[in-house]
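> Before we start, here is the structure in question, set down as structure tokens.
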Amino acid sequence: MRILITGAAGFIGASLGLRLLARGDTVLGVDNLNDYYDVSLKQARLDRLTPHPAFRFAKLDIADRPALEHACKVFRPERVVNLAAQAGVRYSIENPYAYVQSNLVGFINVLECCRHGRVGHLVYASSSSVYGANRKLPFSVKDPVDHPVSLYAATKKANELMAHTYSHLYGLPTTGLRFFTVYGPWGRPDMALFLFTKKILAGEPIDVFNHGHHSRDFTYIDDIVEGVIRTLDRVPAPDPAYDPLHPDSATSSAPYRVYNIGNSHPVALSHYIEVLEACLGRKAQQNLLPLQPGDVPDTAADVTELTHDTGYRPDTTVETGIRRFVEWYRAYYGA
């Protein structure tokens, strides 16, 4: 198939691109290569894709409607995976307009391109952050998500609502994936594992928020990519069991689905740090701090629906995943 990946230089986008190319798909990757974090790392991810004859790259911002429309018109994608977004919960408090441009303006541009290009299926990144102030664990896609605690979370919920509208009005099949704390080789430098590794190796203290009492559903990158591909290949249809008198937020009378995609085995942040210390052979100096604005204490994914519909079964432990990340980090940075 011809598959368009937005955010192709990102952590998930680049890993997904490699898997799709390996199975024989033709991939157009688009990315604006912004400087939210190290651009050289984004370029290094791209450099793993560009030698492949079935890969093309277009540097553009999905908020640039004419540029995106032109790329879609020339490439004529059969499937679209929208991973481009302004990421980061805490940064959304400092720079809200960046999130409106990328996550809202950019997403409507993607939807319009899919609609007019008669794309067969749009898969897009949502986030576990949509659960916001919810405290019932594990988080289920059947739970209401009406209390976001960051603008980032609000834009991701908005994406789900916008996608449903296009599924309803135009019959565009859409699948939203609520990602839970993705980690692994080639990861994002603004996330805990990357920050902790860098500081521990430098002998610097690490900032541990909520006094280390967090738990997170850490999900290894290969498990995430496997889930994305399984959903990409399963085009949603209207749910014949959908009851408008008792609506289910995860399904619809339109060709629309929302899934959690996580490891479904939450890990305490303190244990996560202990595993990292063992892999690095060094103890961390911990600077214990209160909960950050926009953060939540715990996340846990109920992946029942994704497992039922696609056979998704993540199997990478944090012990294995962190070891692989540390091996990559040492090799990449010569640390």
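By order in the structure tokens, chains are A, B, ...; within a chain, residues start at 1; ligands start at 1, following the order shown.
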Excluding region 204-214 of chain A and any residue of its chain fewer than 3 positions from it, enumerate the residues within 6 Å of it, using only C-alpha atoms, and give them as a PDB file with N, CA, C and O atoms, in the first residue's frame.

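Produced file result.pdb, reproduced below:
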```pdb
ATOM      1  N   PHE A 196      16.897  10.818  32.505  1.00  0.00           N
ATOM      2  CA  PHE A 196      17.532  10.129  33.624  1.00  0.00           C
ATOM      3  C   PHE A 196      18.875   9.536  33.209  1.00  0.00           C
ATOM      4  O   PHE A 196      19.881   9.663  33.929  1.00  0.00           O
ATOM      5  N   LYS A 199      21.608  12.228  32.773  1.00  0.00           N
ATOM      6  CA  LYS A 199      22.060  12.857  34.016  1.00  0.00           C
ATOM      7  C   LYS A 199      22.810  11.870  34.911  1.00  0.00           C
ATOM      8  O   LYS A 199      23.804  12.240  35.548  1.00  0.00           O
ATOM      9  N   ILE A 200      22.341  10.635  34.970  1.00  0.00           N
ATOM     10  CA  ILE A 200      23.040   9.644  35.809  1.00  0.00           C
ATOM     11  C   ILE A 200      24.458   9.423  35.293  1.00  0.00           C
ATOM     12  O   ILE A 200      25.417   9.366  36.074  1.00  0.00           O
ATOM     13  N   ALA A 268       5.904   1.033  38.938  1.00  0.00           N
ATOM     14  CA  ALA A 268       6.221   2.172  39.796  1.00  0.00           C
ATOM     15  C   ALA A 268       7.466   2.880  39.267  1.00  0.00           C
ATOM     16  O   ALA A 268       8.425   2.231  38.835  1.00  0.00           O
ATOM     17  N   LEU A 269       7.446   4.204  39.313  1.00  0.00           N
ATOM     18  CA  LEU A 269       8.598   4.970  38.835  1.00  0.00           C
ATOM     19  C   LEU A 269       9.856   4.592  39.611  1.00  0.00           C
ATOM     20  O   LEU A 269      10.954   4.532  39.036  1.00  0.00           O
ATOM     21  N   SER A 270       9.718   4.309  40.893  1.00  0.00           N
ATOM     22  CA  SER A 270      10.880   3.921  41.704  1.00  0.00           C
ATOM     23  C   SER A 270      11.528   2.640  41.169  1.00  0.00           C
ATOM     24  O   SER A 270      12.758   2.533  41.109  1.00  0.00           O
ATOM     25  N   GLN A 285      21.316  10.076  41.939  1.00  0.00           N
ATOM     26  CA  GLN A 285      21.023  11.057  42.984  1.00  0.00           C
ATOM     27  C   GLN A 285      19.645  11.621  42.672  1.00  0.00           C
ATOM     28  O   GLN A 285      19.443  12.184  41.594  1.00  0.00           O
ATOM     29  N   GLN A 286      18.702  11.485  43.579  1.00  0.00           N
ATOM     30  CA  GLN A 286      17.322  11.843  43.296  1.00  0.00           C
ATOM     31  C   GLN A 286      16.923  13.147  43.980  1.00  0.00           C
ATOM     32  O   GLN A 286      17.068  13.285  45.201  1.00  0.00           O
ATOM     33  N   ASN A 287      16.429  14.068  43.161  1.00  0.00           N
ATOM     34  CA  ASN A 287      15.896  15.326  43.657  1.00  0.00           C
ATOM     35  C   ASN A 287      14.379  15.187  43.697  1.00  0.00           C
ATOM     36  O   ASN A 287      13.708  15.311  42.656  1.00  0.00           O
ATOM     37  N   LEU A 288      13.809  14.880  44.863  1.00  0.00           N
ATOM     38  CA  LEU A 288      12.381  14.587  44.977  1.00  0.00           C
ATOM     39  C   LEU A 288      11.572  15.882  44.979  1.00  0.00           C
ATOM     40  O   LEU A 288      11.824  16.784  45.789  1.00  0.00           O
ATOM     41  N   LEU A 289      10.587  15.950  44.075  1.00  0.00           N
ATOM     42  CA  LEU A 289       9.804  17.162  43.867  1.00  0.00           C
ATOM     43  C   LEU A 289       8.313  16.832  43.863  1.00  0.00           C
ATOM     44  O   LEU A 289       7.921  15.687  43.648  1.00  0.00           O
ATOM     45  N   PRO A 290       7.455  17.859  44.086  1.00  0.00           N
ATOM     46  CA  PRO A 290       6.006  17.611  44.056  1.00  0.00           C
ATOM     47  C   PRO A 290       5.502  17.346  42.641  1.00  0.00           C
ATOM     48  O   PRO A 290       6.229  17.534  41.652  1.00  0.00           O
ATOM     49  N   LEU A 291       4.248  16.912  42.549  1.00  0.00           N
ATOM     50  CA  LEU A 291       3.600  16.654  41.268  1.00  0.00           C
ATOM     51  C   LEU A 291       3.591  17.914  40.415  1.00  0.00           C
ATOM     52  O   LEU A 291       3.280  19.001  40.892  1.00  0.00           O
ATOM     53  N   PRO A 297      -0.913  11.178  38.639  1.00  0.00           N
ATOM     54  CA  PRO A 297      -0.088  10.276  39.445  1.00  0.00           C
ATOM     55  C   PRO A 297       0.127   8.901  38.817  1.00  0.00           C
ATOM     56  O   PRO A 297       1.215   8.344  38.908  1.00  0.00           O
ATOM     57  N   ASP A 298      -0.922   8.356  38.206  1.00  0.00           N
ATOM     58  CA  ASP A 298      -0.841   6.972  37.739  1.00  0.00           C
ATOM     59  C   ASP A 298      -1.529   6.808  36.390  1.00  0.00           C
ATOM     60  O   ASP A 298      -2.513   7.497  36.094  1.00  0.00           O
TER      61      ASP A 298
END
```
> Would you kindly return, as a list in words, each protein, DNA or RNA residue with an atom no farther than 6 Å from any atom of Thr174 (chain A), considering only C-alpha atoms and excluding same-chain residues fewer than 5 positions away?
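Selected residues are His121, Leu122, Val123 and Tyr256 of chain A.
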> Could you give me, as a PDB file with all heavy atoms, in the first residue's frame, the residues within 6 Å of Leu28 (chain A), counting only C-alpha atoms and dropping anything in the same chain fewer than 2 positions from it?

```
ATOM      1  N   LEU A   4       1.020   7.260   3.989  1.00  0.00           N
ATOM      2  CA  LEU A   4       1.571   8.539   4.407  1.00  0.00           C
ATOM      3  C   LEU A   4       1.720   8.526   5.923  1.00  0.00           C
ATOM      4  O   LEU A   4       0.769   8.214   6.644  1.00  0.00           O
ATOM      5  CB  LEU A   4       0.632   9.685   3.999  1.00  0.00           C
ATOM      6  CG  LEU A   4       0.890  11.061   4.626  1.00  0.00           C
ATOM      7  CD1 LEU A   4       2.240  11.616   4.197  1.00  0.00           C
ATOM      8  CD2 LEU A   4      -0.234  12.026   4.273  1.00  0.00           C
ATOM      9  N   PHE A  55      10.883   4.704   0.020  1.00  0.00           N
ATOM     10  CA  PHE A  55      10.616   5.793   0.963  1.00  0.00           C
ATOM     11  C   PHE A  55      10.881   7.143   0.306  1.00  0.00           C
ATOM     12  O   PHE A  55      11.886   7.333  -0.378  1.00  0.00           O
ATOM     13  CB  PHE A  55      11.496   5.661   2.203  1.00  0.00           C
ATOM     14  CG  PHE A  55      11.284   6.773   3.200  1.00  0.00           C
ATOM     15  CD1 PHE A  55      10.163   6.792   4.014  1.00  0.00           C
ATOM     16  CD2 PHE A  55      12.204   7.810   3.313  1.00  0.00           C
ATOM     17  CE1 PHE A  55       9.953   7.816   4.926  1.00  0.00           C
ATOM     18  CE2 PHE A  55      12.013   8.841   4.231  1.00  0.00           C
ATOM     19  CZ  PHE A  55      10.887   8.845   5.040  1.00  0.00           C
ATOM     20  N   ARG A  56       9.959   8.052   0.510  1.00  0.00           N
ATOM     21  CA  ARG A  56      10.152   9.443   0.087  1.00  0.00           C
ATOM     22  C   ARG A  56       9.903  10.333   1.291  1.00  0.00           C
ATOM     23  O   ARG A  56       9.111   9.994   2.172  1.00  0.00           O
ATOM     24  CB  ARG A  56       9.169   9.822  -1.021  1.00  0.00           C
ATOM     25  CG  ARG A  56       9.152   8.863  -2.192  1.00  0.00           C
ATOM     26  CD  ARG A  56       8.033   9.203  -3.169  1.00  0.00           C
ATOM     27  NE  ARG A  56       7.536   8.009  -3.842  1.00  0.00           N
ATOM     28  CZ  ARG A  56       6.489   7.994  -4.644  1.00  0.00           C
ATOM     29  NH1 ARG A  56       5.821   9.103  -4.877  1.00  0.00           N
ATOM     30  NH2 ARG A  56       6.099   6.869  -5.211  1.00  0.00           N
ATOM     31  N   PHE A  57      10.568  11.498   1.306  1.00  0.00           N
ATOM     32  CA  PHE A  57      10.404  12.424   2.423  1.00  0.00           C
ATOM     33  C   PHE A  57      10.063  13.817   1.917  1.00  0.00           C
ATOM     34  O   PHE A  57      10.618  14.281   0.919  1.00  0.00           O
ATOM     35  CB  PHE A  57      11.678  12.491   3.275  1.00  0.00           C
ATOM     36  CG  PHE A  57      11.578  13.485   4.403  1.00  0.00           C
ATOM     37  CD1 PHE A  57      10.738  13.241   5.479  1.00  0.00           C
ATOM     38  CD2 PHE A  57      12.303  14.672   4.369  1.00  0.00           C
ATOM     39  CE1 PHE A  57      10.636  14.160   6.522  1.00  0.00           C
ATOM     40  CE2 PHE A  57      12.207  15.596   5.400  1.00  0.00           C
ATOM     41  CZ  PHE A  57      11.366  15.343   6.484  1.00  0.00           C
TER      42      PHE A  57
END
```
> Extract, using only C-alpha atoms, all DNA, RNA and protein residues at most 10 Å from Ala133 (chain A), discarding same-chain residues fewer than 2 positions from it, and format them as a ChimeraX atom specification.
/A:129-131,135-136,145-149,294-297
> Identify which of the residues A:Ala9, A:Gln292, A:Tyr170, A:Ser102 lies closest to Ser40 (chain A), counting only C-alpha atoms when measuring atom-to-atom distances.
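When distances to Ser40 (chain A) are compared using only C-alpha atoms, the smallest one comes from A:Ala9.
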> Which residue is closest to Ala158 (chain A)? Choose from A:Thr231, A:Gln86, A:Asn260, A:Asn103 and count only C-alpha atoms.
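The shortest atom-to-atom distance to Ala158 (chain A) comes from A:Asn103.
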> Can you tell me which residues surround Arg48 (chain A) at a distance of at most 10 Å, considering only C-alpha atoms, apart from same-chain residues fewer than 5 positions away, and format the answer as an mmCIF file with N, CA and C atoms, in the first residue's frame?

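selection25.cif, freshly written:
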```cif
data_model
loop_
_atom_site.group_PDB
_atom_site.id
_atom_site.type_symbol
_atom_site.label_atom_id
_atom_site.label_comp_id
_atom_site.auth_asym_id
_atom_site.auth_seq_id
_atom_site.Cartn_x
_atom_site.Cartn_y
_atom_site.Cartn_z
ATOM 1 N N ALA A 9 9.852 11.748 11.249
ATOM 2 C CA ALA A 9 11.161 11.826 11.894
ATOM 3 C C ALA A 9 11.049 11.666 13.405
ATOM 4 N N ALA A 14 9.317 7.121 12.841
ATOM 5 C CA ALA A 14 10.474 6.515 12.163
ATOM 6 C C ALA A 14 10.487 4.999 12.345
ATOM 7 N N SER A 15 10.156 4.545 13.554
ATOM 8 C CA SER A 15 10.125 3.102 13.809
ATOM 9 C C SER A 15 9.026 2.434 12.989
ATOM 10 N N GLY A 17 7.823 3.554 10.130
ATOM 11 C CA GLY A 17 8.253 3.588 8.740
ATOM 12 C C GLY A 17 9.147 2.414 8.369
ATOM 13 N N LEU A 18 10.086 2.103 9.248
ATOM 14 C CA LEU A 18 10.985 0.971 8.989
ATOM 15 C C LEU A 18 10.212 -0.335 8.864
ATOM 16 N N GLN A 43 17.022 13.841 12.413
ATOM 17 C CA GLN A 43 17.669 13.590 11.126
ATOM 18 C C GLN A 43 18.304 12.200 11.098
#
```
> Separation of CA of Thr316 (chain A) and CA of Thr197 (chain A), in Å?
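Computing it gives 19.6 Å between the two atoms.
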> Could you work out how far CA of Leu177 (chain A) lies from CA of His52 (chain A), giving the answer in Å with one decimal?
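Atom-to-atom, CA of His52 (chain A) to CA of Leu177 (chain A), that is 27.2 Å.
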> Excluding Val267 (chain A) and its own-chain neighbours fewer than 6 positions away, which residues fall within 8 Å of it when counting only C-alpha atoms? Please give them as a PDB file with C-alpha atoms, in the first residue's frame.

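Here's the written file selection-v3.pdb:
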```pdb
ATOM      1  CA  SER A 215       3.253   4.609  38.306  1.00  0.00           C
ATOM      2  CA  ARG A 216       3.200   4.480  34.532  1.00  0.00           C
ATOM      3  CA  ASP A 217       2.121   1.986  31.904  1.00  0.00           C
ATOM      4  CA  PHE A 218       5.524   2.079  30.186  1.00  0.00           C
TER       5      PHE A 218
END
```
> For Ala192 (chain A), which residue among A:Ile62, A:Val27, A:Ile322, A:Cys279 is the nearest when counting only C-alpha atoms?
A:Ile322
> Could you tell me, as a PyMOL selection string, which residues of region 89-196 of chain A DSSP assigns to helix (DSSP H, G or I) when given the backbone?
chain A and resi 91-94+96-116+128-131+151-170+192-196
> Between CA of Asp25 (chain A) and CA of Glu78 (chain A), measure the distance and give it in Å to one decimal.
10.6 Å
> Can you work out which one of A:Lys73, A:Arg178, A:His246, A:Arg65 has the shortest atom-to-atom distance to Ala301 (chain A), counting only C-alpha atoms?
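Closest candidate: A:Arg178.
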> Need the shell around Asp243 (chain A): protein/DNA/RNA residues with any atom at most 10 Å away, counting only C-alpha atoms. Skip same-chain ones fewer than 5 positions apart. Format as a list in words?
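Counting only C-alpha atoms, the residues come to Asp248, Thr251, Ser252 and Ser253 of chain A.
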> Okay, now the selection with C-alpha atoms, as a PDB file, in the first residue's frame?

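Okay, result.pdb is ready:
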```pdb
ATOM      1  CA  ASP A 248     -20.151   3.664  23.911  1.00  0.00           C
ATOM      2  CA  THR A 251     -17.302   2.780  18.960  1.00  0.00           C
ATOM      3  CA  SER A 252     -20.002   4.313  16.808  1.00  0.00           C
ATOM      4  CA  SER A 253     -22.623   3.863  14.131  1.00  0.00           C
TER       5      SER A 253
END
```
> For each of A:Pro53, A:Gly171, A:Gly10, A:Gly176, take the minimum atom-to-atom distance to Ala22 (chain A), counting only C-alpha atoms, then give the residue where this is smallest.
A:Pro53
> Between A:Gly7, A:Gly187, A:Pro240, A:Pro173, which is the closest to Gly106 (chain A) once you count only C-alpha atoms?
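Under the stated criterion, the closest residue is A:Gly7.
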